[in-house]
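Quick look at run-v6.cif (mmCIF, C-alpha atoms):
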data_final
loop_
_atom_site.label_atom_id
_atom_site.label_comp_id
_atom_site.auth_asym_id
_atom_site.auth_seq_id
_atom_site.Cartn_x
_atom_site.Cartn_y
_atom_site.Cartn_z
CA MET A 1 -11.35 -39.96 9.88
CA SER A 2 -15.09 -39.19 9.95
CA THR A 3 -16.51 -35.74 9.31
CA LEU A 4 -17.67 -35.57 12.92
CA LYS A 5 -14.20 -36.40 14.25
CA ILE A 6 -12.61 -33.81 11.97
CA THR A 7 -15.08 -31.19 13.17
CA LEU A 8 -14.43 -32.08 16.80
CA ALA A 9 -10.67 -31.89 16.23
CA PHE A 10 -11.04 -28.40 14.85
CA LEU A 11 -13.27 -27.37 17.74
CA LEU A 12 -10.81 -28.69 20.32
CA SER A 13 -8.22 -26.32 18.89
CA ALA A 14 -10.45 -23.32 19.71
CA GLY A 15 -8.08 -22.27 22.47
CA LEU A 16 -5.90 -20.93 19.65
CA ALA A 17 -8.83 -19.30 17.90
CA HIS A 18 -9.28 -15.64 17.20
CA ALA A 19 -12.65 -13.96 16.90
CA GLN A 20 -13.08 -11.05 14.52
CA SER A 21 -15.86 -8.67 15.60
CA ILE A 22 -15.49 -5.94 12.94
CA THR A 23 -17.60 -6.26 9.81
CA PHE A 24 -17.35 -3.63 7.10
CA SER A 25 -21.00 -2.96 6.33
CA THR A 26 -22.92 0.28 5.82
CA THR A 27 -26.29 0.37 7.55
CA ALA A 28 -26.87 4.13 7.79
CA PRO A 29 -26.80 6.98 5.24
CA PRO A 30 -23.83 9.39 5.28
CA LEU A 31 -24.16 12.48 7.44
CA GLY A 32 -23.21 15.70 5.66
CA LEU A 33 -21.96 18.48 7.95
CA ARG A 34 -23.86 21.71 7.38
CA HIS A 35 -20.86 23.97 7.81
CA ALA A 36 -18.96 25.51 4.91
CA ALA A 37 -15.24 24.71 4.66
CA LEU A 38 -15.03 23.25 8.17
CA TYR A 39 -12.38 20.65 7.23
CA PRO A 40 -12.58 18.37 10.29
CA GLU A 41 -9.52 16.20 10.89
CA THR A 42 -10.54 14.19 13.96
CA ILE A 43 -13.87 12.82 15.13
CA GLU A 44 -14.79 11.78 18.67
CA TYR A 45 -18.04 10.78 20.35
CA ASP A 46 -19.40 12.32 23.54
CA ALA A 47 -21.59 9.49 24.86
CA ARG A 48 -22.98 11.55 27.74
CA SER A 49 -24.43 14.18 25.40
CA LYS A 50 -24.94 11.74 22.51
CA ARG A 51 -23.11 13.88 19.97
CA PHE A 52 -20.18 13.70 17.61
CA LEU A 53 -17.33 16.16 18.17
CA VAL A 54 -15.03 17.33 15.35
CA GLY A 55 -12.01 19.59 15.30
CA SER A 56 -11.60 22.12 12.49
CA PHE A 57 -8.26 22.11 10.71
CA ARG A 58 -9.11 25.41 9.03
CA GLU A 59 -10.85 27.36 11.81
CA GLY A 60 -8.98 26.18 14.91
CA ALA A 61 -12.11 25.27 16.86
CA VAL A 62 -14.12 22.27 18.08
CA TYR A 63 -17.75 21.74 17.10
CA ALA A 64 -20.52 19.45 18.31
CA VAL A 65 -22.45 17.76 15.49
CA SER A 66 -26.12 16.86 15.78
CA ASP A 67 -27.68 13.90 14.03
CA ASP A 68 -29.01 16.13 11.24
CA GLY A 69 -25.55 17.53 10.46
CA GLN A 70 -25.94 20.86 12.23
CA THR A 71 -22.81 22.11 14.01
CA LYS A 72 -22.55 24.04 17.26
CA LEU A 73 -19.38 25.75 18.44
CA LEU A 74 -18.05 24.10 21.60
CA VAL A 75 -14.43 25.31 21.94
CA ASP A 76 -13.52 28.77 20.71
CA ASP A 77 -10.01 29.54 21.97
CA LYS A 78 -8.11 32.21 20.01
CA ARG A 79 -4.86 30.38 20.78
CA LEU A 80 -5.98 27.46 18.61
CA CYS A 81 -4.82 27.48 14.98
CA SER A 82 -5.45 24.07 13.38
CA VAL A 83 -7.14 21.46 15.54
CA LEU A 84 -5.87 17.98 14.73
CA GLY A 85 -6.35 15.27 17.35
CA ILE A 86 -9.02 15.53 20.03
CA ALA A 87 -9.70 13.11 22.90
CA VAL A 88 -12.68 12.82 25.23
CA ASP A 89 -12.15 12.05 28.93
CA PRO A 90 -15.71 11.30 30.14
CA THR A 91 -14.58 10.34 33.64
CA ARG A 92 -13.20 13.82 34.32
CA ASN A 93 -15.47 15.69 31.89
CA ARG A 94 -12.51 16.96 29.89
CA LEU A 95 -11.79 17.44 26.21
CA TRP A 96 -8.15 17.43 25.07
CA VAL A 97 -7.28 19.31 21.88
CA VAL A 98 -4.09 19.18 19.79
CA ASN A 99 -3.04 22.56 18.37
CA ALA A 100 -0.78 22.85 15.31
CA ASP A 101 -0.05 25.11 12.34
CA LEU A 102 0.58 23.79 8.85
CA GLY A 103 -0.18 27.11 7.18
CA ALA A 104 -3.71 26.08 6.18
CA SER A 105 -5.66 27.82 8.96
CA VAL A 106 -7.32 31.23 8.97
CA ARG A 107 -5.22 31.83 12.11
CA SER A 108 -1.85 30.69 10.73
CA SER A 109 1.11 32.70 12.02
CA GLY A 110 4.12 30.56 11.13
CA PRO A 111 3.83 27.03 9.74
CA LYS A 112 5.48 24.14 11.57
CA LYS A 113 6.34 26.12 14.72
CA LEU A 114 3.25 25.84 16.91
CA ALA A 115 2.99 22.79 19.18
CA ALA A 116 0.51 22.90 22.05
CA VAL A 117 -2.29 21.02 23.77
CA GLY A 118 -5.40 22.59 25.26
CA VAL A 119 -7.75 21.05 27.81
CA TYR A 120 -11.39 22.15 28.02
CA ASP A 121 -14.55 21.44 29.95
CA LEU A 122 -16.42 18.81 27.93
CA THR A 123 -19.81 20.36 28.72
CA THR A 124 -19.15 24.07 28.38
CA GLY A 125 -15.95 24.24 26.29
CA SER A 126 -14.30 26.59 28.80
CA ALA A 127 -10.50 26.43 28.99
CA LEU A 128 -8.95 24.41 31.84
CA ALA A 129 -5.28 24.28 30.79
CA TYR A 130 -2.98 25.10 27.87
CA VAL A 131 0.43 23.44 27.50
CA ASP A 132 3.14 24.60 25.08
CA LEU A 133 5.24 21.64 23.89
CA ALA A 134 7.42 23.38 21.28
CA ALA A 135 10.32 23.96 23.65
CA LEU A 136 10.62 20.27 24.45
CA SER A 137 11.92 19.38 20.99
CA ALA A 138 13.87 21.61 18.59
CA GLY A 139 12.92 21.98 14.94
CA SER A 140 9.64 21.80 13.06
CA HIS A 141 6.44 20.50 14.60
CA LEU A 142 3.11 19.05 13.59
CA LEU A 143 1.38 17.73 16.68
CA ASN A 144 -1.11 15.18 15.44
CA GLY A 145 -2.52 12.20 17.36
CA ILE A 146 -3.56 12.11 21.01
CA ALA A 147 -4.69 9.34 23.37
CA LEU A 148 -5.46 9.19 27.09
CA ASP A 149 -4.54 6.54 29.64
CA ALA A 150 -6.68 5.48 32.60
CA SER A 151 -5.25 8.24 34.81
CA GLY A 152 -6.19 10.95 32.32
CA THR A 153 -2.64 11.53 31.10
CA ALA A 154 -2.30 12.38 27.42
CA TYR A 155 0.21 10.99 24.91
CA VAL A 156 0.74 13.12 21.81
CA THR A 157 2.56 12.36 18.55
CA ASP A 158 4.60 14.85 16.51
CA SER A 159 4.64 14.20 12.76
CA PHE A 160 7.64 16.45 12.07
CA SER A 161 9.74 15.74 15.16
CA PRO A 162 10.59 12.10 16.07
CA VAL A 163 8.92 12.40 19.46
CA VAL A 164 6.00 11.20 21.56
CA TYR A 165 5.10 13.61 24.38
CA LYS A 166 3.59 12.78 27.77
CA VAL A 167 1.21 15.44 29.09
CA PRO A 168 -0.24 14.90 32.58
CA PHE A 169 -2.98 17.29 33.66
CA HIS A 170 -1.37 18.16 37.02
CA ALA A 171 2.34 17.87 36.16
CA PRO A 172 4.81 19.26 33.59
CA ALA A 173 4.83 17.77 30.11
CA THR A 174 7.87 15.72 29.05
CA VAL A 175 9.32 13.94 26.06
CA PHE A 176 8.06 10.40 26.61
CA LEU A 177 10.13 8.88 23.81
CA ARG A 178 12.45 10.15 21.10
CA ASP A 179 13.93 7.88 18.43
CA ALA A 180 15.43 8.31 14.97
CA ARG A 181 13.15 5.54 13.66
CA PHE A 182 10.23 7.93 14.05
CA ALA A 183 11.73 10.36 11.52
CA GLY A 184 11.24 10.30 7.74
CA ASP A 185 9.95 12.20 4.76
CA GLY A 186 6.62 13.97 4.99
CA VAL A 187 4.18 13.19 7.81
CA ASN A 188 5.53 10.56 10.18
CA LEU A 189 4.14 9.61 13.61
CA ASN A 190 0.39 10.02 13.46
CA GLY A 191 -2.45 8.06 15.10
CA VAL A 192 -2.03 6.70 18.63
CA VAL A 193 -4.12 4.60 21.02
CA VAL A 194 -3.55 3.43 24.60
CA HIS A 195 -3.98 -0.31 25.00
CA PRO A 196 -5.52 -1.38 28.36
CA ASP A 197 -2.62 -3.79 28.90
CA GLY A 198 -0.21 -0.88 29.31
CA TYR A 199 1.27 0.18 25.99
CA LEU A 200 0.78 2.59 23.12
CA LEU A 201 0.19 1.65 19.51
CA VAL A 202 1.43 4.35 17.13
CA VAL A 203 1.35 4.37 13.33
CA LYS A 204 3.97 6.10 11.18
CA LYS A 205 2.14 7.45 8.16
CA SER A 206 5.10 7.88 5.80
CA ASP A 207 6.21 4.25 5.68
CA GLY A 208 3.32 2.44 7.42
CA ALA A 209 5.25 1.09 10.42
CA LEU A 210 3.24 0.28 13.56
CA PHE A 211 5.03 0.66 16.91
CA LYS A 212 4.28 -0.82 20.33
CA ILE A 213 5.55 1.39 23.18
CA PRO A 214 5.33 0.13 26.80
CA LEU A 215 4.07 2.83 29.17
CA ALA A 216 6.31 1.58 31.98
CA ASP A 217 9.49 1.43 29.87
CA PRO A 218 9.15 3.29 26.55
CA GLN A 219 12.77 2.66 25.55
CA ARG A 220 11.85 -0.99 25.06
CA PHE A 221 9.49 -0.15 22.21
CA THR A 222 9.25 -2.51 19.24
CA GLU A 223 7.89 -2.45 15.74
CA VAL A 224 4.83 -4.66 15.38
CA SER A 225 5.33 -7.37 12.77
CA ALA A 226 2.44 -6.43 10.50
CA PRO A 227 1.69 -5.37 6.93
CA ARG A 228 2.85 -1.85 6.11
CA LEU A 229 0.05 0.64 6.75
CA VAL A 230 1.26 3.40 4.42
CA GLY A 231 -0.89 6.49 4.74
CA GLY A 232 -2.01 5.39 8.22
CA ASP A 233 -3.73 8.22 10.07
CA GLY A 234 -6.31 7.53 12.78
CA LEU A 235 -6.30 4.41 14.97
CA THR A 236 -9.33 2.88 16.71
CA LEU A 237 -8.80 0.01 19.16
CA ILE A 238 -11.66 -2.51 19.36
CA GLY A 239 -11.40 -4.54 22.56
CA LYS A 240 -7.90 -5.85 23.16
CA THR A 241 -7.18 -7.69 19.93
CA GLU A 242 -8.50 -5.61 17.03
CA LEU A 243 -7.28 -2.35 15.54
CA VAL A 244 -8.81 -0.28 12.74
CA VAL A 245 -6.46 1.99 10.81
CA ILE A 246 -7.88 4.80 8.67
CA ALA A 247 -5.36 5.35 5.89
CA ASN A 248 -5.33 8.13 3.31
CA ARG A 249 -2.34 9.03 1.14
CA THR A 250 1.31 9.96 1.08
CA ALA A 251 3.15 11.70 -1.75
CA THR A 252 3.59 8.37 -3.54
CA VAL A 253 0.96 5.95 -2.20
CA ALA A 254 -2.84 6.38 -2.08
CA THR A 255 -4.27 3.74 0.27
CA ASN A 256 -7.59 5.48 1.04
CA ALA A 257 -9.08 2.62 3.04
CA ALA A 258 -10.09 1.37 6.46
CA LEU A 259 -7.82 -1.51 7.46
CA ALA A 260 -8.81 -4.04 10.14
CA LEU A 261 -5.97 -5.82 11.97
CA THR A 262 -6.10 -8.54 14.59
CA SER A 263 -3.49 -9.79 17.03
CA THR A 264 -3.35 -12.91 19.19
CA ASP A 265 -0.05 -12.12 20.95
CA GLY A 266 -0.47 -8.68 22.47
CA PHE A 267 0.46 -6.89 19.23
CA SER A 268 3.89 -8.36 18.90
CA THR A 269 2.43 -9.31 15.53
CA ALA A 270 -0.77 -8.33 13.75
CA LYS A 271 -2.58 -9.61 10.68
CA LEU A 272 -4.64 -7.66 8.19
CA VAL A 273 -8.00 -9.45 8.10
CA ALA A 274 -10.22 -7.04 6.17
CA SER A 275 -10.17 -3.72 4.35
CA GLN A 276 -12.76 -1.29 3.08
CA PRO A 277 -11.99 1.18 0.26
CA LEU A 278 -13.08 4.70 1.19
CA GLY A 279 -12.36 6.62 -2.01
CA ASP A 280 -10.09 9.56 -2.73
CA VAL A 281 -11.70 11.78 -0.08
CA TYR A 282 -8.80 11.97 2.41
CA PRO A 283 -10.36 9.94 5.25
CA THR A 284 -8.61 10.68 8.53
CA THR A 285 -10.07 9.22 11.73
CA ALA A 286 -12.88 7.03 13.05
CA VAL A 287 -14.87 6.52 16.23
CA VAL A 288 -17.28 3.90 17.58
CA ARG A 289 -20.83 4.98 18.41
CA ASP A 290 -23.51 2.47 19.44
CA ASN A 291 -21.53 -0.49 18.06
CA LYS A 292 -20.99 1.16 14.70
CA LEU A 293 -17.78 2.61 13.32
CA TYR A 294 -17.90 6.07 11.75
CA VAL A 295 -15.19 7.77 9.68
CA VAL A 296 -14.86 11.48 8.92
CA HIS A 297 -13.55 12.88 5.64
CA SER A 298 -13.46 16.32 4.05
CA ASP A 299 -10.81 16.11 1.30
CA LEU A 300 -8.38 17.68 3.74
CA GLY A 301 -5.55 17.33 1.24
CA ARG A 302 -7.23 19.97 -0.90
CA LEU A 303 -7.16 22.45 1.99
CA ILE A 304 -3.49 21.79 2.67
CA ALA A 305 -2.60 22.29 -1.00
CA ALA A 306 -4.91 25.27 -1.61
CA THR A 307 -3.33 28.62 -2.47
CA GLN A 308 -6.56 30.60 -2.85
CA LYS A 309 -9.77 30.68 -0.84
CA ALA A 310 -11.74 29.91 -3.98
CA GLU A 311 -10.15 26.47 -4.09
CA LEU A 312 -11.85 25.49 -0.83
CA HIS A 313 -15.10 23.57 -0.76
CA ALA A 314 -17.82 22.91 1.76
CA GLU A 315 -18.11 19.14 1.79
CA ALA A 316 -17.44 17.25 4.99
CA THR A 317 -18.99 13.88 5.74
CA ILE A 318 -19.35 11.46 8.63
CA ARG A 319 -19.88 7.99 7.19
CA GLN A 320 -20.79 4.77 8.97
CA ILE A 321 -18.53 2.04 7.54
CA ALA A 322 -18.60 -0.95 9.89
CA VAL A 323 -20.50 -2.83 12.56
CA VAL A 324 -18.60 -3.69 15.74
CA GLY A 325 -19.43 -6.67 17.90
CA GLY A 326 -22.04 -8.02 15.51
CA ILE A 327 -21.00 -10.73 13.08
CA ARG A 328 -18.12 -12.78 14.49
CA ARG A 329 -15.74 -14.97 12.50
CA THR A 330 -13.63 -17.30 14.62
CA LEU A 331 -10.83 -19.38 13.14
CA ILE A 332 -11.13 -22.67 15.04
CA GLY A 333 -8.60 -24.75 13.13
CA ARG A 334 -6.23 -25.00 10.20
CA GLU A 335 -4.55 -28.01 8.61
CA PRO A 336 -1.94 -28.28 5.81
CA ALA A 337 -3.30 -29.26 2.40
CA GLN A 338 -1.58 -30.21 -0.85
CA LYS A 339 0.56 -27.92 -3.02
CA GLY A 340 1.18 -25.19 -0.46
CA LEU A 341 -2.46 -24.76 0.50
CA GLU A 342 -4.15 -25.02 3.88
CA THR A 343 -7.68 -25.89 4.99
CA ARG A 344 -9.24 -23.56 7.52
CA MET A 345 -12.45 -24.02 9.45
CA TYR A 346 -14.35 -21.04 10.79
CA LEU A 347 -17.20 -20.69 13.24
CA ILE A 348 -19.39 -17.81 12.02
CA GLU A 349 -21.95 -16.18 14.32
CA TYR A 350 -24.66 -13.73 13.24
CA PRO A 351 -26.87 -11.96 15.80
CA PRO A 352 -30.57 -11.62 15.00
CA GLY A 353 -31.18 -9.55 11.87
CA ALA A 354 -27.50 -9.28 10.91
CA GLU A 355 -26.62 -9.19 7.22
CA ALA A 356 -23.30 -9.56 5.38
CA PRO A 357 -22.29 -7.04 2.72
CA PRO A 358 -22.03 -8.41 -0.85
CA HIS A 359 -18.84 -10.46 -1.26
CA ILE A 360 -17.06 -13.06 -3.39
CA HIS A 361 -15.47 -16.21 -1.97
CA SER A 362 -11.87 -16.95 -2.88
CA SER A 363 -12.45 -20.70 -3.12
CA PRO A 364 -15.29 -23.19 -2.67
CA GLY A 365 -16.43 -23.63 0.92
CA ILE A 366 -18.25 -26.49 2.61
CA GLY A 367 -20.45 -25.63 5.58
CA TRP A 368 -22.95 -26.89 8.13
CA VAL A 369 -25.57 -24.92 10.08
CA VAL A 370 -25.14 -25.40 13.82
CA GLU A 371 -27.94 -23.16 15.10
CA GLY A 372 -30.65 -20.98 13.60
CA GLU A 373 -31.20 -20.41 9.88
CA PHE A 374 -29.93 -18.16 7.11
CA GLU A 375 -31.15 -16.70 3.84
CA SER A 376 -28.66 -16.77 0.96
CA ALA A 377 -28.50 -15.84 -2.73
CA PHE A 378 -25.70 -15.88 -5.31
CA GLY A 379 -25.77 -13.52 -8.30
CA ASP A 380 -29.32 -12.97 -9.59
CA GLU A 381 -30.67 -16.22 -8.16
CA PRO A 382 -33.65 -16.12 -5.76
CA PRO A 383 -32.82 -16.47 -2.04
CA VAL A 384 -32.91 -19.88 -0.35
CA ARG A 385 -33.13 -20.72 3.34
CA LEU A 386 -31.16 -23.32 5.26
CA LYS A 387 -31.72 -24.41 8.86
CA ALA A 388 -29.78 -26.07 11.66
CA GLY A 389 -28.53 -29.52 10.66
CA GLN A 390 -28.29 -28.74 6.93
CA GLY A 391 -25.10 -28.55 4.88
CA PHE A 392 -24.25 -26.09 2.13
CA VAL A 393 -21.58 -25.07 -0.39
CA GLU A 394 -20.09 -21.57 -0.74
CA ARG A 395 -19.46 -20.89 -4.44
CA PRO A 396 -16.40 -18.95 -5.67
CA THR A 397 -16.25 -16.29 -8.41
CA VAL A 398 -20.01 -15.53 -8.17
CA ALA A 399 -21.10 -12.53 -6.08
CA HIS A 400 -22.75 -13.63 -2.84
CA ARG A 401 -25.32 -10.85 -2.93
CA VAL A 402 -27.53 -11.93 -0.01
CA PHE A 403 -26.54 -13.58 3.23
CA ARG A 404 -28.41 -12.76 6.39
CA ASN A 405 -30.00 -14.04 9.55
CA PRO A 406 -33.73 -13.44 8.96
CA SER A 407 -34.72 -14.08 12.56
CA ALA A 408 -35.65 -11.18 14.84
CA ASP A 409 -34.69 -13.04 18.03
CA GLN A 410 -32.58 -16.14 17.24
CA PRO A 411 -28.80 -16.17 16.59
CA LEU A 412 -27.23 -17.98 13.65
CA ARG A 413 -24.12 -20.14 14.01
CA PHE A 414 -22.50 -22.21 11.30
CA LEU A 415 -19.22 -23.93 10.45
CA VAL A 416 -17.54 -23.45 7.09
CA ALA A 417 -14.23 -24.73 5.71
CA PHE A 418 -12.13 -23.31 2.86
CA THR A 419 -8.88 -24.47 1.25
CA LEU A 420 -6.73 -21.40 0.61
CA ARG A 421 -3.21 -20.10 0.22
CA PRO A 422 -1.73 -19.32 3.67
CA ALA A 423 -2.08 -15.52 3.30
CA GLU A 424 -5.36 -15.59 1.39
CA GLU A 425 -8.61 -14.32 2.86
CA PRO A 426 -11.74 -16.46 2.31
CA PHE A 427 -13.69 -13.58 0.75
CA ARG A 428 -13.48 -10.03 -0.53
CA LEU A 429 -16.16 -7.33 -0.59
CA VAL A 430 -17.73 -6.22 -3.84
CA PRO A 431 -19.63 -2.99 -4.69
#
Mind turning the file's structure into structure tokens?
Amino acid sequence: MSTLKITLAFLLSAGLAHAQSITFSTTAPPLGLRHAALYPETIEYDARSKRFLVGSFREGAVYAVSDDGQTKLLVDDKRLCSVLGIAVDPTRNRLWVVNADLGASVRSSGPKKLAAVGVYDLTTGSALAYVDLAALSAGSHLLNGIALDASGTAYVTDSFSPVVYKVPFHAPATVFLRDARFAGDGVNLNGVVVHPDGYLLVVKKSDGALFKIPLADPQRFTEVSAPRLVGGDGLTLIGKTELVVIANRTATVATNAALALTSTDGFSTAKLVASQPLGDVYPTTAVVRDNKLYVVHSDLGRLIAATQKAELHAEATIRQIAVVGGIRRTLIGREPAQKGLETRMYLIEYPPGAEAPPHIHSSPGIGWVVEGEFESAFGDEPPVRLKAGQGFVERPTVAHRVFRNPSADQPLRFLVAFTLRPAEEPFRLVP
């Protein structure tokens, strides 16, 4: 079969393709928070006021963060102890705040007993409602993740009780779902997002399980067939098919990475397509701002383990780690190859000015430029440029230090094929 016919056969299978729109790439310097021992656990973005919002695990408050790292107190409610999850409802101008007590706050009064949610005016920080959830489930509590559906109803996870709570603004809170599979050692249910197709995705930090919970019938929940996301903390949904998990550590496993998953079947299954190491800084949650993904970290584990004030430190950082909706990699076909291998063809699309982070290819690749041009360099070699209609070879084992679309106004599109093991990714990032 001719090369053209093979290419067309791959393209005709594009109905089964999946486009990845998350690229781990740092394009902005880290933002240090100018606030001693703040220890933020969750980050959100208030698009109307163009500001980050963070909740303080140590102070029990919510702060707005300016682009130079200055903080301004937004929510100061004496009932708050440790602020974990926060969620912005821009439609109703509300800010939802999860209140817990792990004994690491200046306001601690009894670890693992407090379980409440506060609702505040997003502009002024004034209190609108306060809901005590402790009575809904006996035993210890660590309310953690929170997500809002289209009606403004909140869903809240409890890391110490095997429960997800449902908290409407104008109705009593209830136990949305209780199940023994949510229990375990240490911190369990954690990050949660509401999918627009009508279900929750919830990660269990202790063993890395990811659950899909239908809003209309929560008892029919299932575990997503996916790699174990041990240490999974915050979840960020990108569109309908991509999920970023910020993972830190458990007592036995230190993941400390951002994990990008994709699903083509409504999260019955999900595949890990990329990961970005974040270091031993206890990263917790992430948020999208202006098509970039930002993660917050403050070595929160040190605060939790501290026995003396002197052990605390002042460092807290918001770090941009990925670009969303920029570079797209679409798998447009795969065919069996010899000895347990498979050949995959990808359509790669770079918007004007986009650049890939340094990476190494897992195997040789053969490609062809469909549209535009790119600039490329391996190792210490000088960059070369290729244009539409030209072919090229991706070399393995050598760092691909430069690959970018040099045009300010023209997109780049190219096809590239690799022969790989079925579970193998075509590249990995390098420092």
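Rounded to one decimal, CA of Gly139 (chain A) and CA of Thr222 (chain A) lie 25.1 Å from each other.
Selection result for the displayed file, with the PyMOL selection byres ((chain A and resi 354) around 8) as criterion, is Gly326, Ile327, Tyr350, Pro351, Pro352, Gly353, Glu355, Ala356, Arg404, Asn405 and Pro406 of chain A.
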Name the residues, using the chain letters and numbers of the file, that sit within 9 Å of (-16.8, 11.6, 6.9) when counting only C-alpha atoms, and give them as number ranges by chain. A: 30-33, 40, 43, 281, 283-286, 294-298, 316-320
Using CA of Phe267 (chain A) and CA of Gly340 (chain A) as the two end points, give the distance in Å to one decimal.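 Here the two named atoms are 26.9 Å from each other.
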Can you list, as number ranges by chain, every protein, DNA or RNA residue that comes within 6 Å of Pro364 (chain A) when you count only C-alpha atoms, leaving out same-chain residues fewer than 4 positions away? A: 394-396
Write the residues of the selection above to a file with C-alpha atoms, as a PDB file, in the coordinates of the input.
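As a result, again12.pdb now contains:
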ATOM      1  CA  GLU A 394     -20.090 -21.570  -0.740  1.00  0.00           C
ATOM      2  CA  ARG A 395     -19.460 -20.890  -4.440  1.00  0.00           C
ATOM      3  CA  PRO A 396     -16.400 -18.950  -5.670  1.00  0.00           C
TER       4      PRO A 396
END
Residue members of the PyMOL selection byres ((chain A and resi 172) around 12) in the file shown, as a ChimeraX atom specification: /A:129-133,136,153-154,165-171,173-176
